[in-house]
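Q: See work_14.cif below, with mmCIF, C-alpha atoms.
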```
data_work
loop_
_atom_site.label_atom_id
_atom_site.label_comp_id
_atom_site.auth_asym_id
_atom_site.auth_seq_id
_atom_site.Cartn_x
_atom_site.Cartn_y
_atom_site.Cartn_z
CA MET A 1 0.00 0.00 0.00
CA ASP A 2 1.14 3.55 -0.73
CA PRO A 3 2.81 5.05 2.40
CA GLY A 4 0.54 8.10 2.22
CA LEU A 5 -2.54 5.89 2.18
CA THR A 6 -1.13 3.76 5.01
CA ASP A 7 -0.74 6.88 7.13
CA LEU A 8 -4.30 7.99 6.36
CA ALA A 9 -5.64 4.55 7.29
CA ALA A 10 -3.79 4.72 10.61
CA LEU A 11 -5.17 8.22 11.30
CA ILE A 12 -8.73 7.14 10.49
CA ASP A 13 -8.36 4.12 12.78
CA ARG A 14 -6.96 6.21 15.65
CA GLN A 15 -9.56 8.96 15.37
CA TRP A 16 -12.40 6.44 15.05
CA GLN A 17 -11.21 4.79 18.27
CA ARG A 18 -11.35 8.21 19.92
CA HIS A 19 -14.49 9.76 18.41
CA GLY A 20 -16.46 7.00 16.67
CA ARG A 21 -18.33 7.71 13.47
CA GLU A 22 -19.41 11.26 14.32
CA THR A 23 -16.43 13.58 14.70
CA PRO A 24 -16.33 17.11 16.14
CA ILE A 25 -15.67 18.42 12.62
CA GLU A 26 -19.03 19.04 10.99
CA GLY A 27 -19.62 16.79 7.99
CA LEU A 28 -16.59 14.56 8.67
CA HIS A 29 -17.62 10.95 9.32
CA LEU A 30 -15.40 7.93 9.89
CA THR A 31 -16.16 4.26 9.37
CA ARG A 32 -14.37 1.23 10.79
CA THR A 33 -15.76 -2.29 10.63
CA GLU A 34 -14.23 -5.73 10.90
CA ALA A 35 -16.67 -7.71 8.74
CA PRO A 36 -18.45 -7.34 5.40
CA SER A 37 -21.93 -5.90 5.71
CA GLY A 38 -25.38 -6.51 4.31
CA PRO A 39 -27.11 -3.75 2.34
CA ILE A 40 -26.89 -0.32 4.00
CA HIS A 41 -29.73 1.88 2.71
CA SER A 42 -28.98 5.56 3.11
CA ILE A 43 -29.05 8.92 1.40
CA TYR A 44 -25.71 10.18 0.15
CA ARG A 45 -25.45 13.93 0.33
CA PRO A 46 -22.89 15.99 -1.61
CA SER A 47 -19.69 14.49 -0.26
CA PHE A 48 -16.25 13.05 -0.87
CA ILE A 49 -15.75 9.46 0.30
CA LEU A 50 -12.35 7.77 0.57
CA VAL A 51 -11.70 4.09 1.27
CA ALA A 52 -8.32 3.81 2.97
CA GLN A 53 -8.54 0.06 3.63
CA GLY A 54 -10.97 -2.65 2.51
CA ALA A 55 -13.60 -2.25 -0.22
CA LYS A 56 -17.19 -1.17 -0.76
CA ALA A 57 -19.90 -1.25 -3.43
CA THR A 58 -22.62 1.39 -3.76
CA VAL A 59 -25.72 0.85 -5.89
CA LEU A 60 -27.71 3.68 -7.44
CA GLY A 61 -30.62 2.41 -9.51
CA ALA A 62 -29.15 -0.17 -11.90
CA ARG A 63 -25.56 1.06 -11.55
CA THR A 64 -22.98 -0.33 -9.12
CA PHE A 65 -19.94 1.71 -8.10
CA ARG A 66 -17.07 -0.34 -6.63
CA TYR A 67 -14.21 1.28 -4.80
CA GLU A 68 -11.38 -0.14 -2.72
CA ALA A 69 -8.32 1.13 -0.86
CA GLY A 70 -6.89 4.17 -2.59
CA ARG A 71 -10.06 5.00 -4.51
CA CYS A 72 -12.70 7.59 -3.78
CA LEU A 73 -16.32 8.26 -4.64
CA ILE A 74 -17.90 11.66 -5.16
CA SER A 75 -21.60 12.09 -4.48
CA ALA A 76 -22.43 15.32 -6.27
CA ILE A 77 -26.10 15.54 -5.24
CA ASP A 78 -28.53 14.02 -2.72
CA VAL A 79 -29.32 10.46 -3.82
CA PRO A 80 -30.81 7.39 -2.09
CA VAL A 81 -28.49 4.39 -2.42
CA ALA A 82 -27.86 0.87 -1.14
CA ALA A 83 -24.25 0.17 -0.19
CA ARG A 84 -22.37 -2.88 1.00
CA ILE A 85 -18.93 -3.26 2.59
CA THR A 86 -17.36 -6.09 0.63
CA GLU A 87 -13.88 -6.39 2.18
CA ALA A 88 -13.25 -6.20 5.92
CA SER A 89 -11.70 -8.42 8.60
CA ALA A 90 -10.38 -8.19 12.14
CA ALA A 91 -6.83 -8.22 10.79
CA ARG A 92 -7.58 -5.59 8.12
CA PRO A 93 -10.74 -3.64 9.01
CA TYR A 94 -12.59 -1.52 6.51
CA LEU A 95 -11.52 2.10 7.08
CA ALA A 96 -13.09 5.07 5.32
CA LEU A 97 -13.87 8.74 5.71
CA ALA A 98 -16.65 10.86 4.26
CA LEU A 99 -16.48 14.65 4.06
CA ALA A 100 -19.47 16.82 3.18
CA ILE A 101 -18.90 19.23 0.29
CA GLU A 102 -20.72 22.53 0.03
CA PRO A 103 -21.92 23.38 -3.50
CA ALA A 104 -21.35 27.07 -2.71
CA MET A 105 -17.63 26.41 -2.20
CA ILE A 106 -17.48 24.44 -5.44
CA ALA A 107 -19.13 27.35 -7.26
CA GLU A 108 -16.71 29.86 -5.78
CA LEU A 109 -13.58 27.88 -6.66
CA ALA A 110 -14.77 26.66 -10.06
CA VAL A 111 -15.95 30.00 -11.46
CA ALA A 112 -12.70 30.66 -13.30
CA GLU A 113 -12.95 27.33 -15.13
CA ALA A 114 -16.66 27.52 -16.05
CA ALA A 115 -15.98 28.40 -19.68
CA GLY A 116 -14.62 24.94 -20.42
CA LEU A 117 -17.68 23.05 -19.25
CA ALA A 118 -19.24 22.72 -22.70
CA GLN A 119 -16.68 20.01 -23.50
CA GLN A 120 -17.17 18.09 -20.27
CA PRO A 121 -18.68 14.57 -20.15
CA ALA A 122 -22.30 13.90 -19.22
CA PHE A 123 -23.10 14.57 -15.58
CA ALA A 124 -23.81 11.72 -13.13
CA ALA A 125 -24.78 11.77 -9.46
CA LEU A 126 -21.93 9.44 -8.43
CA ALA A 127 -18.45 8.82 -9.81
CA VAL A 128 -15.39 6.83 -8.70
CA ALA A 129 -11.70 7.52 -9.32
CA ASP A 130 -8.25 6.87 -7.89
CA LEU A 131 -7.36 9.25 -5.07
CA ASP A 132 -5.09 12.08 -6.19
CA PRO A 133 -1.87 11.81 -4.10
CA ALA A 134 -2.05 15.60 -3.67
CA LEU A 135 -4.99 14.95 -1.28
CA TYR A 136 -2.98 12.84 1.16
CA ASP A 137 -1.55 15.84 2.99
CA PRO A 138 -4.70 17.99 3.42
CA LEU A 139 -6.76 14.94 4.44
CA ALA A 140 -4.13 13.97 7.01
CA ARG A 141 -4.07 17.53 8.34
CA LEU A 142 -7.87 17.58 8.61
CA LEU A 143 -7.84 14.33 10.62
CA ALA A 144 -4.98 15.60 12.80
CA LEU A 145 -7.01 18.76 13.49
CA LEU A 146 -9.30 16.61 15.65
CA ASP A 147 -6.45 16.60 18.18
CA THR A 148 -6.26 20.41 18.41
CA PRO A 149 -9.77 21.82 18.99
CA HIS A 150 -8.53 25.38 19.51
CA ASP A 151 -7.19 25.47 15.92
CA ARG A 152 -10.36 24.32 14.18
CA ALA A 153 -12.21 27.60 13.78
CA VAL A 154 -9.33 29.14 11.80
CA ILE A 155 -7.65 26.19 10.07
CA GLU A 156 -10.55 23.86 9.22
CA PRO A 157 -12.15 26.16 6.56
CA LEU A 158 -8.74 26.56 4.89
CA ILE A 159 -8.17 22.80 4.71
CA ARG A 160 -11.69 22.17 3.40
CA ARG A 161 -11.08 24.76 0.70
CA GLU A 162 -7.79 23.12 -0.25
CA ILE A 163 -9.45 19.69 -0.48
CA VAL A 164 -12.17 20.98 -2.80
CA TRP A 165 -9.56 22.79 -4.90
CA ARG A 166 -7.55 19.57 -5.29
CA LEU A 167 -10.69 17.65 -6.23
CA LEU A 168 -11.55 20.21 -8.88
CA GLY A 169 -8.10 19.71 -10.42
CA GLY A 170 -8.35 15.91 -10.44
CA ALA A 171 -10.21 13.22 -12.36
CA LEU A 172 -13.53 14.05 -10.70
CA GLY A 173 -13.18 17.78 -11.26
CA PRO A 174 -15.37 17.96 -14.40
CA MET A 175 -18.34 16.54 -12.52
CA LEU A 176 -17.84 18.85 -9.54
CA ARG A 177 -17.47 21.93 -11.73
CA GLN A 178 -20.88 21.26 -13.25
CA VAL A 179 -22.41 21.28 -9.75
CA GLY A 180 -20.85 24.71 -9.27
CA LEU A 181 -22.64 26.20 -12.27
CA VAL A 182 -25.71 27.73 -10.65
CA ASN A 183 -27.73 27.78 -13.87
CA GLY A 184 -26.43 24.51 -15.30
CA HIS A 185 -28.59 21.41 -15.58
CA ALA A 186 -26.56 19.54 -12.93
CA ALA A 187 -26.99 22.28 -10.34
CA ARG A 188 -30.71 22.53 -11.07
CA ILE A 189 -31.21 18.79 -10.59
CA ALA A 190 -29.14 19.04 -7.40
CA ARG A 191 -31.52 21.70 -6.10
CA ALA A 192 -34.49 19.51 -7.03
CA THR A 193 -33.16 16.43 -5.21
CA ALA A 194 -32.33 18.54 -2.16
CA TRP A 195 -35.89 19.90 -2.17
CA ILE A 196 -37.39 16.42 -2.38
CA ARG A 197 -35.19 15.23 0.50
CA ALA A 198 -36.25 18.18 2.65
CA HIS A 199 -39.98 17.93 1.74
CA TYR A 200 -40.33 14.17 1.23
CA ALA A 201 -43.67 13.93 3.08
CA GLU A 202 -45.36 16.56 0.92
CA PRO A 203 -47.27 15.77 -2.29
CA LEU A 204 -44.89 15.97 -5.25
CA ARG A 205 -46.10 18.04 -8.19
CA VAL A 206 -43.48 17.53 -10.87
CA ALA A 207 -44.60 20.55 -12.87
CA ASP A 208 -44.17 22.81 -9.83
CA LEU A 209 -40.73 21.39 -9.07
CA ALA A 210 -39.64 21.79 -12.69
CA ALA A 211 -40.80 25.41 -12.61
CA GLN A 212 -38.96 25.96 -9.33
CA VAL A 213 -35.65 25.03 -10.99
CA HIS A 214 -36.56 26.88 -14.22
CA MET A 215 -36.87 23.87 -16.53
CA SER A 216 -39.68 22.61 -18.76
CA VAL A 217 -41.34 19.40 -17.54
CA PRO A 218 -39.95 17.21 -20.39
CA THR A 219 -36.42 18.63 -19.93
CA PHE A 220 -36.65 18.23 -16.17
CA HIS A 221 -37.76 14.60 -16.48
CA ARG A 222 -35.00 13.80 -18.97
CA HIS A 223 -32.17 15.33 -16.95
CA PHE A 224 -33.49 14.08 -13.59
CA LYS A 225 -33.51 10.47 -14.78
CA ALA A 226 -30.16 10.81 -16.54
CA VAL A 227 -28.55 12.02 -13.31
CA THR A 228 -30.33 9.93 -10.65
CA THR A 229 -31.43 6.89 -12.75
CA MET A 230 -34.94 7.43 -11.28
CA THR A 231 -38.06 9.45 -11.99
CA PRO A 232 -38.83 12.26 -9.50
CA VAL A 233 -41.69 10.20 -8.04
CA GLY A 234 -39.48 7.10 -7.72
CA PHE A 235 -36.79 9.23 -6.07
CA GLN A 236 -39.28 10.60 -3.55
CA LYS A 237 -40.51 7.09 -2.77
CA GLN A 238 -36.97 5.91 -1.98
CA VAL A 239 -36.37 8.90 0.30
CA ARG A 240 -39.70 8.33 2.08
CA LEU A 241 -39.05 4.65 2.65
CA GLN A 242 -35.55 5.22 4.00
CA GLU A 243 -36.96 7.79 6.43
CA ALA A 244 -39.61 5.21 7.39
CA ARG A 245 -36.88 2.71 8.26
CA ARG A 246 -35.11 5.28 10.41
CA ARG A 247 -38.36 6.02 12.28
CA LEU A 248 -39.10 2.32 12.80
CA LEU A 249 -35.77 2.02 14.59
CA ALA A 250 -37.27 4.27 17.28
CA ALA A 251 -40.18 1.79 17.64
CA GLU A 252 -42.83 4.09 16.14
CA SER A 253 -45.95 2.23 15.00
CA VAL A 254 -46.18 1.23 11.35
CA ALA A 255 -49.38 3.24 10.82
CA ARG A 256 -47.88 6.38 12.38
CA VAL A 257 -44.71 6.05 10.32
CA GLY A 258 -46.62 5.54 7.07
CA HIS A 259 -48.73 8.63 7.69
CA ALA A 260 -45.72 10.73 8.79
CA ILE A 261 -43.80 10.08 5.57
CA GLY A 262 -46.76 10.99 3.36
CA TYR A 263 -48.61 7.74 2.62
CA GLU A 264 -52.39 7.90 2.66
CA SER A 265 -52.77 4.13 2.18
CA LEU A 266 -51.23 1.83 4.80
CA SER A 267 -51.46 -1.16 2.46
CA GLN A 268 -49.55 0.74 -0.24
CA PHE A 269 -46.90 1.70 2.31
CA ASN A 270 -46.51 -1.95 3.32
CA ARG A 271 -46.20 -3.06 -0.31
CA ASP A 272 -43.64 -0.41 -1.24
CA TYR A 273 -41.62 -0.99 1.93
CA ARG A 274 -41.49 -4.75 1.40
CA ARG A 275 -40.47 -4.30 -2.23
CA LEU A 276 -37.46 -2.17 -1.23
CA PHE A 277 -36.32 -3.85 1.99
CA GLY A 278 -37.52 -7.43 1.50
CA ALA A 279 -39.79 -7.58 4.58
CA PRO A 280 -42.91 -5.75 5.81
CA PRO A 281 -42.18 -2.66 7.95
CA GLY A 282 -43.27 -4.14 11.28
CA ARG A 283 -41.07 -7.22 10.95
CA ASP A 284 -38.14 -5.31 9.46
CA GLY A 285 -38.27 -2.67 12.19
CA ALA A 286 -38.25 -5.33 14.90
CA ALA A 287 -35.25 -7.03 13.27
CA ILE A 288 -33.34 -3.76 13.05
CA ARG A 289 -34.02 -2.94 16.70
CA ALA A 290 -32.89 -6.41 17.69
CA ARG A 291 -29.57 -5.82 15.97
CA LEU A 292 -29.31 -2.36 17.56
CA VAL A 293 -27.62 -1.01 14.46
CA ALA A 294 -28.63 2.41 13.14
CA GLU A 295 -27.82 2.78 9.47
CA PRO A 296 -25.64 5.84 8.73
CA ALA A 297 -26.59 8.67 6.42
CA LEU A 298 -23.09 8.62 4.94
CA PRO A 299 -20.63 5.80 4.37
#
```
Since I need it in another form, could you write the structure as structure tokens?
A:
Amino acid sequence: MDPGLTDLAALIDRQWQRHGRETPIEGLHLTRTEAPSGPIHSIYRPSFILVAQGAKATVLGARTFRYEAGRCLISAIDVPVAARITEASAARPYLALALAIEPAMIAELAVAEAAGLAQQPAFAALAVADLDPALYDPLARLLALLDTPHDRAVIEPLIRREIVWRLLGGALGPMLRQVGLVNGHAARIARATAWIRAHYAEPLRVADLAAQVHMSVPTFHRHFKAVTTMTPVGFQKQVRLQEARRRLLAAESVARVGHAIGYESLSQFNRDYRRLFGAPPGRDGAAIRARLVAEPALP
């Protein structure tokens, strides 16, 4: 393994032992596990995800993204996914970090390069690439910053900015730059998926959402499916059902959960839930609570 990656893996391991998954740095999440996992249903938000040791597969619609040690995944917009840790053991645990990325920072740093976007490849919600070695140092400094709380307020924004700048200059830069174009199709779809995530329980009127992001309905449908692999209604259903699973972990009743996430028909809720998770909500919720494992929002 590359020495830089070895050092990052050791830092992730040490900081996970100290802080667990949730770190004091907002949007920085660590993962350590000693065994392969079953499906982890969650919503990826705009973020950078690095596997430092082990391997993982993330499924979006019909597409599977595989990434192992030394490779990273960019989630450019909010998308519901199913992921699985495929390589992990007690001797070599799966080690990864996820860092939230603010579209506003992408826009600010990418503005000088916006003119070249016409020649960029088609936009996708997720993409995988080898980690640029130039990211080893800023990522290590960000992890080390967990040891010096008094430095965070000043240094953390600078390191985040450097990380985004390095990403923009790497293999995944073309995709990120499109997110930074406020009036581009990618940014508009990103705003639409963020709206659906925030208002998942409300009735979805596709025409209203298309108008909100200043697109015609046919254009909106075409670009939404090209980016997310789903229709807007299918996307909302996935978000609703994942929120239902989270609520069932807290032992809420099936009827209350179904109503809270926007279903008017309990039987339809049961059918949709079983189709996605393989078991009816009551039984699945009981099984999750028995395992006492809360599924993370980020890998």
Q: Kindly indicate which residue among A:Leu209, A:Arg45, A:Ala134, A:Thr58 lies nearest to A:Gly4, using only C-alpha atoms for the distances.
A: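 Closest to A:Gly4, using only C-alpha atoms: A:Ala134.
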Q: Just give me the gap between atom CA of A:Gly169 and atom CA of A:Leu139 in Å, one decimal is fine.
A: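 Value for the atom CA of A:Gly169-atom CA of A:Leu139 distance: 15.7 Å.
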Q: Please, which residues in stretch 64-162 of chain A fall within 12 Å of stretch 223-246 of chain A when counting only C-alpha atoms, and what is the closest atom pair and distance in Å to one decimal for each, ordered by chain then residue number, as JSON lines?
A:
```
{"residue": "A:Thr64", "atom": "CA", "partner": "A:Thr229", "partner_atom": "CA", "distance": 11.7}
{"residue": "A:Ser75", "atom": "CA", "partner": "A:Thr228", "partner_atom": "CA", "distance": 10.9}
{"residue": "A:Ala76", "atom": "CA", "partner": "A:Val227", "partner_atom": "CA", "distance": 9.9}
{"residue": "A:Ile77", "atom": "CA", "partner": "A:Thr228", "partner_atom": "CA", "distance": 8.9}
{"residue": "A:Asp78", "atom": "CA", "partner": "A:Thr228", "partner_atom": "CA", "distance": 9.1}
{"residue": "A:Val79", "atom": "CA", "partner": "A:Thr228", "partner_atom": "CA", "distance": 6.9}
{"residue": "A:Pro80", "atom": "CA", "partner": "A:Val239", "partner_atom": "CA", "distance": 6.2}
{"residue": "A:Val81", "atom": "CA", "partner": "A:Gln238", "partner_atom": "CA", "distance": 8.6}
{"residue": "A:Ala82", "atom": "CA", "partner": "A:Gln242", "partner_atom": "CA", "distance": 10.2}
{"residue": "A:Ala122", "atom": "CA", "partner": "A:Val227", "partner_atom": "CA", "distance": 8.8}
{"residue": "A:Phe123", "atom": "CA", "partner": "A:Val227", "partner_atom": "CA", "distance": 6.4}
{"residue": "A:Ala124", "atom": "CA", "partner": "A:Val227", "partner_atom": "CA", "distance": 4.8}
{"residue": "A:Ala125", "atom": "CA", "partner": "A:Val227", "partner_atom": "CA", "distance": 5.4}
{"residue": "A:Leu126", "atom": "CA", "partner": "A:Val227", "partner_atom": "CA", "distance": 8.6}
{"residue": "A:Ala127", "atom": "CA", "partner": "A:Val227", "partner_atom": "CA", "distance": 11.2}
```
Q: Let me know the residues the PyMOL selection byres ((chain A and resi 284) around 12) catches in the file above, as a list in words.
A: Ala244, Arg245, Arg246, Arg247, Leu248, Leu249, Ala251, Val254, Asn270, Tyr273, Arg274, Arg275, Leu276, Phe277, Gly278, Ala279, Pro280, Pro281, Gly282, Arg283, Gly285, Ala286, Ala287, Ile288, Arg289, Ala290 and Arg291 of chain A
Q: Go ahead and write the residues just picked, C-alpha atoms, as a PDB file, keeping the file's coordinate frame.
A:
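Output below, filename out-v7.pdb:
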```pdb
ATOM      1  CA  ALA A 244     -39.610   5.210   7.390  1.00  0.00           C
ATOM      2  CA  ARG A 245     -36.880   2.710   8.260  1.00  0.00           C
ATOM      3  CA  ARG A 246     -35.110   5.280  10.410  1.00  0.00           C
ATOM      4  CA  ARG A 247     -38.360   6.020  12.280  1.00  0.00           C
ATOM      5  CA  LEU A 248     -39.100   2.320  12.800  1.00  0.00           C
ATOM      6  CA  LEU A 249     -35.770   2.020  14.590  1.00  0.00           C
ATOM      7  CA  ALA A 251     -40.180   1.790  17.640  1.00  0.00           C
ATOM      8  CA  VAL A 254     -46.180   1.230  11.350  1.00  0.00           C
ATOM      9  CA  ASN A 270     -46.510  -1.950   3.320  1.00  0.00           C
ATOM     10  CA  TYR A 273     -41.620  -0.990   1.930  1.00  0.00           C
ATOM     11  CA  ARG A 274     -41.490  -4.750   1.400  1.00  0.00           C
ATOM     12  CA  ARG A 275     -40.470  -4.300  -2.230  1.00  0.00           C
ATOM     13  CA  LEU A 276     -37.460  -2.170  -1.230  1.00  0.00           C
ATOM     14  CA  PHE A 277     -36.320  -3.850   1.990  1.00  0.00           C
ATOM     15  CA  GLY A 278     -37.520  -7.430   1.500  1.00  0.00           C
ATOM     16  CA  ALA A 279     -39.790  -7.580   4.580  1.00  0.00           C
ATOM     17  CA  PRO A 280     -42.910  -5.750   5.810  1.00  0.00           C
ATOM     18  CA  PRO A 281     -42.180  -2.660   7.950  1.00  0.00           C
ATOM     19  CA  GLY A 282     -43.270  -4.140  11.280  1.00  0.00           C
ATOM     20  CA  ARG A 283     -41.070  -7.220  10.950  1.00  0.00           C
ATOM     21  CA  GLY A 285     -38.270  -2.670  12.190  1.00  0.00           C
ATOM     22  CA  ALA A 286     -38.250  -5.330  14.900  1.00  0.00           C
ATOM     23  CA  ALA A 287     -35.250  -7.030  13.270  1.00  0.00           C
ATOM     24  CA  ILE A 288     -33.340  -3.760  13.050  1.00  0.00           C
ATOM     25  CA  ARG A 289     -34.020  -2.940  16.700  1.00  0.00           C
ATOM     26  CA  ALA A 290     -32.890  -6.410  17.690  1.00  0.00           C
ATOM     27  CA  ARG A 291     -29.570  -5.820  15.970  1.00  0.00           C
TER      28      ARG A 291
END
```
Q: Looking at only C-alpha atoms, which of A:Arg166, A:Ala201, A:Leu176, A:His185 is the one that sits closest to A:Ser216?
A: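 Ranked by minimum distance to A:Ser216, first place goes to A:His185.
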Q: Rank nothing, just name the residue among A:Ile101, A:Val51, A:Leu145, A:Leu204 nearest to A:Thr6, using all atoms listed in the file.
A: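 Comparing A:Ile101, A:Val51, A:Leu145, A:Leu204 against A:Thr6, the winner is A:Val51.
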Q: Report, in Å to a single decimal, how far apart atom CA of A:Pro103 and atom CA of A:Ala187 are.
A: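 One can read the atom CA of A:Ala187 to atom CA of A:Pro103 distance as 8.6 Å.
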Q: To one decimal place, how far is atom CA of A:Ala55 from atom CA of A:Tyr94 in Å?
A: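 Between atom CA of A:Ala55 and atom CA of A:Tyr94 the gap works out to 6.8 Å.
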Q: Report the residues retrieved by the PyMOL selection byres ((chain A and resi 100) around 9) from the displayed file, expressed as a PDB file with C-alpha atoms, in the coordinates of the input.
A:
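Output (expr.pdb):
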```
ATOM      1  CA  GLU A  26     -19.030  19.040  10.990  1.00  0.00           C
ATOM      2  CA  GLY A  27     -19.620  16.790   7.990  1.00  0.00           C
ATOM      3  CA  LEU A  28     -16.590  14.560   8.670  1.00  0.00           C
ATOM      4  CA  HIS A  29     -17.620  10.950   9.320  1.00  0.00           C
ATOM      5  CA  ARG A  45     -25.450  13.930   0.330  1.00  0.00           C
ATOM      6  CA  PRO A  46     -22.890  15.990  -1.610  1.00  0.00           C
ATOM      7  CA  SER A  47     -19.690  14.490  -0.260  1.00  0.00           C
ATOM      8  CA  PHE A  48     -16.250  13.050  -0.870  1.00  0.00           C
ATOM      9  CA  ILE A  49     -15.750   9.460   0.300  1.00  0.00           C
ATOM     10  CA  ALA A  98     -16.650  10.860   4.260  1.00  0.00           C
ATOM     11  CA  LEU A  99     -16.480  14.650   4.060  1.00  0.00           C
ATOM     12  CA  ILE A 101     -18.900  19.230   0.290  1.00  0.00           C
ATOM     13  CA  GLU A 102     -20.720  22.530   0.030  1.00  0.00           C
TER      14      GLU A 102
END
```
Q: For a quick check of your reading of the model, name the residues lying within 8 Å of the coordinate (-16.2, 9.2, 8.9), counting all atoms listed in the file, and write them as number ranges by chain.
A: A: 12, 16, 21-23, 28-31, 96-99, 298-299
Q: Some atoms are absent from stretch 136-152 of chain A, so rebuild N, CA and C atoms and return them as an mmCIF file, in the frame of the given file.
A:
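The file below, selection-v3.cif, is the result:
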```cif
data_model
loop_
_atom_site.group_PDB
_atom_site.id
_atom_site.type_symbol
_atom_site.label_atom_id
_atom_site.label_comp_id
_atom_site.auth_asym_id
_atom_site.auth_seq_id
_atom_site.Cartn_x
_atom_site.Cartn_y
_atom_site.Cartn_z
ATOM 1 N N TYR A 136 -3.448 13.496 -0.055
ATOM 2 C CA TYR A 136 -2.980 12.840 1.160
ATOM 3 C C TYR A 136 -2.714 13.839 2.287
ATOM 4 N N ASP A 137 -1.961 14.884 1.957
ATOM 5 C CA ASP A 137 -1.550 15.840 2.990
ATOM 6 C C ASP A 137 -2.724 16.614 3.583
ATOM 7 N N PRO A 138 -3.597 17.255 2.786
ATOM 8 C CA PRO A 138 -4.700 17.990 3.420
ATOM 9 C C PRO A 138 -5.664 17.079 4.185
ATOM 10 N N LEU A 139 -5.898 15.858 3.697
ATOM 11 C CA LEU A 139 -6.760 14.940 4.440
ATOM 12 C C LEU A 139 -6.139 14.543 5.770
ATOM 13 N N ALA A 140 -4.829 14.306 5.763
ATOM 14 C CA ALA A 140 -4.130 13.970 7.010
ATOM 15 C C ALA A 140 -4.181 15.149 7.985
ATOM 16 N N ARG A 141 -4.022 16.364 7.462
ATOM 17 C CA ARG A 141 -4.070 17.530 8.340
ATOM 18 C C ARG A 141 -5.478 17.741 8.912
ATOM 19 N N LEU A 142 -6.508 17.446 8.107
ATOM 20 C CA LEU A 142 -7.870 17.580 8.610
ATOM 21 C C LEU A 142 -8.117 16.582 9.739
ATOM 22 N N LEU A 143 -7.673 15.338 9.565
ATOM 23 C CA LEU A 143 -7.840 14.330 10.620
ATOM 24 C C LEU A 143 -7.038 14.705 11.861
ATOM 25 N N ALA A 144 -5.819 15.211 11.663
ATOM 26 C CA ALA A 144 -4.980 15.600 12.800
ATOM 27 C C ALA A 144 -5.594 16.774 13.553
ATOM 28 N N LEU A 145 -6.385 17.598 12.860
ATOM 29 C CA LEU A 145 -7.010 18.760 13.490
ATOM 30 C C LEU A 145 -7.981 18.353 14.597
ATOM 31 N N LEU A 146 -8.435 17.107 14.572
ATOM 32 C CA LEU A 146 -9.300 16.610 15.650
ATOM 33 C C LEU A 146 -8.576 16.610 16.986
ATOM 34 N N ASP A 147 -7.234 16.607 16.949
ATOM 35 C CA ASP A 147 -6.450 16.600 18.180
ATOM 36 C C ASP A 147 -6.212 17.995 18.745
ATOM 37 N N THR A 148 -6.520 19.032 17.959
ATOM 38 C CA THR A 148 -6.260 20.410 18.410
ATOM 39 C C THR A 148 -7.516 21.258 18.234
ATOM 40 N N PRO A 149 -8.482 21.112 19.120
ATOM 41 C CA PRO A 149 -9.770 21.820 18.990
ATOM 42 C C PRO A 149 -9.639 23.332 18.857
ATOM 43 N N HIS A 150 -8.643 23.919 19.536
ATOM 44 C CA HIS A 150 -8.530 25.380 19.510
ATOM 45 C C HIS A 150 -8.109 25.912 18.145
ATOM 46 N N ASP A 151 -7.605 25.039 17.251
ATOM 47 C CA ASP A 151 -7.190 25.470 15.920
ATOM 48 C C ASP A 151 -8.301 25.377 14.879
ATOM 49 N N ARG A 152 -9.378 24.683 15.209
ATOM 50 C CA ARG A 152 -10.360 24.320 14.180
ATOM 51 C C ARG A 152 -11.028 25.529 13.533
#
```
